[in-house]
Amino acid sequence: MTFSKFTSLVRYYTKTNSTTFTDEEILTLANIFKDDISALIAKELGEDYFGLRFVRTLEAGQREYDLPSELMSRIKYVEAKLDGKNWVRLKETDLSIYGRPTDEASILERYAGKDPEFDLFDQSIFILSGTPIIYVFEGLKLWAIVYPADFTSLTSTEEMSTPPDDYSHGFPRQFHELLARRVSIAYKSSKDRPIPLSEKEKLYEVDLATAINAMKDANLDRSVLPSMPSYDGSNY
């Protein structure tokens with residue numbers, strides 16, 4: 001569904017026009033509920049849906065790096081080229097486990113000859129390593145689950161499911177109508193005298209769950225081998 005068709009569908013459901021339900025109002029609600037639906041999809045699927053790889057340049061002497069603003073509070077994997085050549089995995093730790101001062105000399109002493117780690121703090125990654133951080137172009141790689149990109153124009157003829165760039169996700173096609181329904185429900189419920197929901201809108205939660213369940217087991221080539229327990233209790 002294109003953004004313009006989505007807008008028309010919302011106004012069809014709400015029986016409004018561009019004056020009574022403006023593009024700005026629809027855009028605000030659509031982005032809010034887009035994130036809600038996306039978070040539920042990511043939680044229920046557990047298939048790294050909405051996963052992306054981010055790369056960033058390591059700066060000399062800098063151990064702390066902000067996380068992407070679109071992060072869905074889910075980090076899968078962190079890598080870095082701390083020597084400028086070879087990728088190494090950074091395992092997560094906590095500063096309370098580290099338990100020492102965080103000045104450069106103390107960090108270098110603590111991690112001398114040991115595998116590097118990172119701590120998540122204040123929406124950033126803090127690297128702990130036995131060598132100083134040197135400049136490495138795109139030397140930090142983050143695998144993470146992120147929200148689809150915010151919608152910016154409802155007049156666009158682009159597909160809503162098309163990623164706007166290489167570092168964003170579009171919104172899955174099978175949820176476009178459901179998102180329009182959710183926006184309609186919010187509009188109707190916001191009135192001083194709430195507008196009754198249609199029968200289809202009343203089924204929103206059920207249809208959303210059905211759509212998410214339909215996305216499970218995306219790889220049909222997987223095989224599952226049932227196993228028998230070594231002891232089945234037949235002696236009792």
# chains A, B, ... in the order shown; residues from 1 in each chain; ligands from 1
call {"tool": "select_by_dssp", "arguments": {"residues": "range 5-231 of chain A", "states": "alpha helix (DSSP H)", "output": "number ranges by chain"}}
result
A: 5-14, 23-45, 95-98, 104-111, 176-189, 199-202, 204-213
call {"tool": "residues_around", "arguments": {"residues": "range 187-203 of chain A", "least_positions_apart": "6", "cutoff": "10 Å", "atoms": "only C-alpha atoms", "output": "ChimeraX atom specification"}}
result
/A:10,13-14,21,25-26,29,178,180-181
call {"tool": "select_by_dssp", "arguments": {"residues": "range 39-235 of chain A", "states": "strand (DSSP E or B)", "output": "VMD selection string"}}
result
chain A and resid 51 to 58 64 to 66 71 to 80 88 to 89 91 to 92 117 to 120 124 to 128 136 to 146 159
call {"tool": "closest_residue", "arguments": {"among": "A:Lys34, A:Thr22, A:Glu59, A:Thr155", "to": "Glu177 in chain A", "atoms": "only C-alpha atoms"}}
result
A:Lys34
call {"tool": "residues_around", "arguments": {"residues": "Gln62 in chain A", "least_positions_apart": "5", "cutoff": "12 Å", "atoms": "only C-alpha atoms", "output": "PyMOL selection string"}}
result
chain A and resi 57+82+103-104+125-129+131-136+140
call {"tool": "residues_around", "arguments": {"residues": "Ser4 in chain A", "least_positions_apart": "6", "cutoff": "6 Å", "atoms": "only C-alpha atoms", "output": "PDB file with N, CA, C and O atoms, in the first residue's frame"}}
result
ATOM      1  N   LEU A 154       2.495  11.695   3.723  1.00  0.00           N
ATOM      2  CA  LEU A 154       1.346  10.855   3.421  1.00  0.00           C
ATOM      3  C   LEU A 154       0.860  11.042   1.989  1.00  0.00           C
ATOM      4  O   LEU A 154      -0.113  10.408   1.576  1.00  0.00           O
ATOM      5  N   THR A 155       1.510  11.878   1.235  1.00  0.00           N
ATOM      6  CA  THR A 155       1.131  12.077  -0.161  1.00  0.00           C
ATOM      7  C   THR A 155       2.027  11.283  -1.099  1.00  0.00           C
ATOM      8  O   THR A 155       1.797  11.259  -2.306  1.00  0.00           O
ATOM      9  N   SER A 156       3.022  10.615  -0.545  1.00  0.00           N
ATOM     10  CA  SER A 156       3.976   9.870  -1.354  1.00  0.00           C
ATOM     11  C   SER A 156       3.313   8.667  -2.023  1.00  0.00           C
ATOM     12  O   SER A 156       2.427   8.018  -1.456  1.00  0.00           O
ATOM     13  N   THR A 157       3.761   8.360  -3.222  1.00  0.00           N
ATOM     14  CA  THR A 157       3.279   7.178  -3.930  1.00  0.00           C
ATOM     15  C   THR A 157       4.229   5.997  -3.742  1.00  0.00           C
ATOM     16  O   THR A 157       4.081   4.967  -4.400  1.00  0.00           O
TER      17      THR A 157
END
call {"tool": "closest_residue", "arguments": {"among": "A:Gly46, A:Pro148, A:Gly113, A:Gly84", "to": "Leu58 in chain A", "atoms": "only C-alpha atoms"}}
result
A:Gly84
call {"tool": "residues_around", "arguments": {"residues": "Arg53 in chain A", "least_positions_apart": "4", "cutoff": "8 Å", "atoms": "only C-alpha atoms", "output": "list in words"}}
result
Lys141, Leu142, Trp143, Ala144 and Tyr167 of chain A
call {"tool": "write_last_selection", "arguments": {"atoms": "C-alpha atoms", "output": "PDB file, in the first residue's frame"}}
result
ATOM      1  CA  LYS A 141      29.725  -2.886  14.029  1.00  0.00           C
ATOM      2  CA  LEU A 142      26.406  -3.255  15.817  1.00  0.00           C
ATOM      3  CA  TRP A 143      23.776  -5.877  15.021  1.00  0.00           C
ATOM      4  CA  ALA A 144      20.489  -4.650  16.449  1.00  0.00           C
ATOM      5  CA  TYR A 167      19.938   1.902   7.322  1.00  0.00           C
TER       6      TYR A 167
END
call {"tool": "closest_residue", "arguments": {"among": "A:Val88, A:Ala211, A:Leu108, A:Ala60", "to": "Leu179 in chain A", "atoms": "only C-alpha atoms"}}
result
A:Ala211
call {"tool": "closest_residue", "arguments": {"among": "A:Gly51, A:Lys114, A:Gly139, A:Ile32", "to": "Asn86 in chain A", "atoms": "only C-alpha atoms"}}
result
A:Gly139
call {"tool": "residues_around", "arguments": {"residues": "Glu159 in chain A", "least_positions_apart": "2", "cutoff": "9 Å", "atoms": "only C-alpha atoms", "output": "PyMOL selection string"}}
result
chain A and resi 1-3+156-157+161-163+170+173
call {"tool": "write_last_selection", "arguments": {"atoms": "N, CA and C atoms", "output": "CSV table (one decimal), in the first residue's frame"}}
result
chain,number,residue,atom,x,y,z
A,1,MET,N,0.8,-1.2,0.0
A,1,MET,CA,0.0,0.0,0.0
A,1,MET,C,0.9,1.2,0.0
A,2,THR,N,0.6,2.2,-0.8
A,2,THR,CA,1.3,3.5,-0.8
A,2,THR,C,0.8,4.4,0.3
A,3,PHE,N,1.6,5.4,0.6
A,3,PHE,CA,1.3,6.3,1.7
A,3,PHE,C,0.0,7.0,1.3
A,156,SER,N,3.0,10.6,-0.5
A,156,SER,CA,4.0,9.9,-1.4
A,156,SER,C,3.3,8.7,-2.0
A,157,THR,N,3.8,8.4,-3.2
A,157,THR,CA,3.3,7.2,-3.9
A,157,THR,C,4.2,6.0,-3.7
A,161,SER,N,6.2,-0.3,2.6
A,161,SER,CA,7.1,-1.3,3.0
A,161,SER,C,8.5,-1.2,2.4
A,162,THR,N,8.7,-0.2,1.6
A,162,THR,CA,10.0,0.1,1.0
A,162,THR,C,10.9,0.8,2.0
A,163,PRO,N,12.1,0.3,2.3
A,163,PRO,CA,13.0,1.0,3.2
A,163,PRO,C,13.4,2.3,2.5
A,170,GLY,N,11.3,-0.5,6.1
A,170,GLY,CA,10.0,-0.1,5.8
A,170,GLY,C,9.0,-0.8,6.7
A,173,ARG,N,4.1,-5.0,4.7
A,173,ARG,CA,2.9,-4.8,3.9
A,173,ARG,C,1.6,-5.4,4.6
call {"tool": "decode", "arguments": {"residues": "range 121-215 of chain A", "atoms": "C-alpha atoms", "output": "PDB file, in the first residue's frame"}}
result
ATOM      1  CA  PHE A 121      25.258   2.786  29.739  1.00  0.00           C
ATOM      2  CA  ASP A 122      23.090   5.840  29.065  1.00  0.00           C
ATOM      3  CA  GLN A 123      22.071   4.682  25.575  1.00  0.00           C
ATOM      4  CA  SER A 124      25.664   4.130  24.566  1.00  0.00           C
ATOM      5  CA  ILE A 125      28.319   1.443  24.251  1.00  0.00           C
ATOM      6  CA  PHE A 126      31.405   1.835  26.452  1.00  0.00           C
ATOM      7  CA  ILE A 127      34.336  -0.258  25.201  1.00  0.00           C
ATOM      8  CA  LEU A 128      36.697  -1.898  27.684  1.00  0.00           C
ATOM      9  CA  SER A 129      39.923  -3.203  26.159  1.00  0.00           C
ATOM     10  CA  GLY A 130      43.583  -3.841  26.935  1.00  0.00           C
ATOM     11  CA  THR A 131      44.740  -1.585  24.116  1.00  0.00           C
ATOM     12  CA  PRO A 132      43.991   2.086  23.449  1.00  0.00           C
ATOM     13  CA  ILE A 133      41.197   2.900  21.007  1.00  0.00           C
ATOM     14  CA  ILE A 134      42.712   3.931  17.682  1.00  0.00           C
ATOM     15  CA  TYR A 135      41.109   5.520  14.632  1.00  0.00           C
ATOM     16  CA  VAL A 136      39.524   2.838  12.441  1.00  0.00           C
ATOM     17  CA  PHE A 137      37.165   3.772   9.636  1.00  0.00           C
ATOM     18  CA  GLU A 138      33.898   1.863  10.199  1.00  0.00           C
ATOM     19  CA  GLY A 139      35.650  -0.140  12.896  1.00  0.00           C
ATOM     20  CA  LEU A 140      32.611  -0.666  15.126  1.00  0.00           C
ATOM     21  CA  LYS A 141      29.725  -2.886  14.029  1.00  0.00           C
ATOM     22  CA  LEU A 142      26.406  -3.255  15.817  1.00  0.00           C
ATOM     23  CA  TRP A 143      23.776  -5.877  15.021  1.00  0.00           C
ATOM     24  CA  ALA A 144      20.489  -4.650  16.449  1.00  0.00           C
ATOM     25  CA  ILE A 145      16.701  -4.702  16.215  1.00  0.00           C
ATOM     26  CA  VAL A 146      15.322  -1.303  15.239  1.00  0.00           C
ATOM     27  CA  TYR A 147      11.999   0.392  14.639  1.00  0.00           C
ATOM     28  CA  PRO A 148      10.942   0.886  11.009  1.00  0.00           C
ATOM     29  CA  ALA A 149      11.625   4.398   9.759  1.00  0.00           C
ATOM     30  CA  ASP A 150       9.098   7.075  10.700  1.00  0.00           C
ATOM     31  CA  PHE A 151       6.675   8.105   8.012  1.00  0.00           C
ATOM     32  CA  THR A 152       7.328  11.614   6.741  1.00  0.00           C
ATOM     33  CA  SER A 153       4.853  12.188   3.920  1.00  0.00           C
ATOM     34  CA  LEU A 154       1.346  10.855   3.421  1.00  0.00           C
ATOM     35  CA  THR A 155       1.131  12.077  -0.161  1.00  0.00           C
ATOM     36  CA  SER A 156       3.976   9.870  -1.354  1.00  0.00           C
ATOM     37  CA  THR A 157       3.279   7.178  -3.930  1.00  0.00           C
ATOM     38  CA  GLU A 158       6.080   5.042  -2.491  1.00  0.00           C
ATOM     39  CA  GLU A 159       5.201   1.713  -0.947  1.00  0.00           C
ATOM     40  CA  MET A 160       5.098   1.887   2.856  1.00  0.00           C
ATOM     41  CA  SER A 161       7.083  -1.348   2.982  1.00  0.00           C
ATOM     42  CA  THR A 162      10.014   0.085   0.996  1.00  0.00           C
ATOM     43  CA  PRO A 163      13.046   1.004   3.159  1.00  0.00           C
ATOM     44  CA  PRO A 164      13.774   4.728   2.717  1.00  0.00           C
ATOM     45  CA  ASP A 165      17.540   4.081   2.871  1.00  0.00           C
ATOM     46  CA  ASP A 166      20.139   1.382   3.569  1.00  0.00           C
ATOM     47  CA  TYR A 167      19.938   1.902   7.322  1.00  0.00           C
ATOM     48  CA  SER A 168      16.175   1.680   7.854  1.00  0.00           C
ATOM     49  CA  HIS A 169      13.273  -0.718   7.497  1.00  0.00           C
ATOM     50  CA  GLY A 170       9.961  -0.116   5.814  1.00  0.00           C
ATOM     51  CA  PHE A 171       6.702  -1.143   7.477  1.00  0.00           C
ATOM     52  CA  PRO A 172       5.558  -4.704   6.573  1.00  0.00           C
ATOM     53  CA  ARG A 173       2.852  -4.805   3.930  1.00  0.00           C
ATOM     54  CA  GLN A 174       0.569  -7.229   5.769  1.00  0.00           C
ATOM     55  CA  PHE A 175       0.080  -4.644   8.537  1.00  0.00           C
ATOM     56  CA  HIS A 176      -0.796  -1.590   6.438  1.00  0.00           C
ATOM     57  CA  GLU A 177      -4.557  -2.066   6.678  1.00  0.00           C
ATOM     58  CA  LEU A 178      -4.300  -2.911  10.365  1.00  0.00           C
ATOM     59  CA  LEU A 179      -2.371   0.308  10.971  1.00  0.00           C
ATOM     60  CA  ALA A 180      -5.075   2.286   9.173  1.00  0.00           C
ATOM     61  CA  ARG A 181      -7.656   0.577  11.365  1.00  0.00           C
ATOM     62  CA  ARG A 182      -5.680   1.406  14.511  1.00  0.00           C
ATOM     63  CA  VAL A 183      -5.463   5.081  13.520  1.00  0.00           C
ATOM     64  CA  SER A 184      -9.210   5.089  12.882  1.00  0.00           C
ATOM     65  CA  ILE A 185      -9.886   3.571  16.295  1.00  0.00           C
ATOM     66  CA  ALA A 186      -7.778   6.257  17.973  1.00  0.00           C
ATOM     67  CA  TYR A 187      -9.554   9.019  16.064  1.00  0.00           C
ATOM     68  CA  LYS A 188     -13.015   7.728  16.951  1.00  0.00           C
ATOM     69  CA  SER A 189     -12.108   7.141  20.600  1.00  0.00           C
ATOM     70  CA  SER A 190     -10.658  10.645  21.023  1.00  0.00           C
ATOM     71  CA  LYS A 191     -13.951  12.452  20.507  1.00  0.00           C
ATOM     72  CA  ASP A 192     -15.868  13.972  23.422  1.00  0.00           C
ATOM     73  CA  ARG A 193     -18.623  11.629  22.378  1.00  0.00           C
ATOM     74  CA  PRO A 194     -16.693   8.609  21.060  1.00  0.00           C
ATOM     75  CA  ILE A 195     -17.770   7.400  17.647  1.00  0.00           C
ATOM     76  CA  PRO A 196     -18.877   3.739  17.649  1.00  0.00           C
ATOM     77  CA  LEU A 197     -16.353   1.374  16.115  1.00  0.00           C
ATOM     78  CA  SER A 198     -17.168  -0.665  13.052  1.00  0.00           C
ATOM     79  CA  GLU A 199     -17.399  -4.438  13.342  1.00  0.00           C
ATOM     80  CA  LYS A 200     -14.030  -4.705  11.586  1.00  0.00           C
ATOM     81  CA  GLU A 201     -12.422  -2.278  14.035  1.00  0.00           C
ATOM     82  CA  LYS A 202     -13.735  -4.308  16.941  1.00  0.00           C
ATOM     83  CA  LEU A 203     -11.762  -7.266  15.566  1.00  0.00           C
ATOM     84  CA  TYR A 204      -8.506  -5.312  15.395  1.00  0.00           C
ATOM     85  CA  GLU A 205      -6.702  -7.141  18.235  1.00  0.00           C
ATOM     86  CA  VAL A 206      -7.750 -10.558  16.912  1.00  0.00           C
ATOM     87  CA  ASP A 207      -6.729  -9.748  13.346  1.00  0.00           C
ATOM     88  CA  LEU A 208      -3.403  -8.298  14.503  1.00  0.00           C
ATOM     89  CA  ALA A 209      -2.578 -11.484  16.427  1.00  0.00           C
ATOM     90  CA  THR A 210      -3.563 -13.569  13.404  1.00  0.00           C
ATOM     91  CA  ALA A 211      -1.327 -11.529  11.101  1.00  0.00           C
ATOM     92  CA  ILE A 212       1.643 -11.909  13.449  1.00  0.00           C
ATOM     93  CA  ASN A 213       1.101 -15.655  13.849  1.00  0.00           C
ATOM     94  CA  ALA A 214       1.016 -16.004  10.057  1.00  0.00           C
ATOM     95  CA  MET A 215       4.580 -14.646   9.921  1.00  0.00           C
TER      96      MET A 215
END
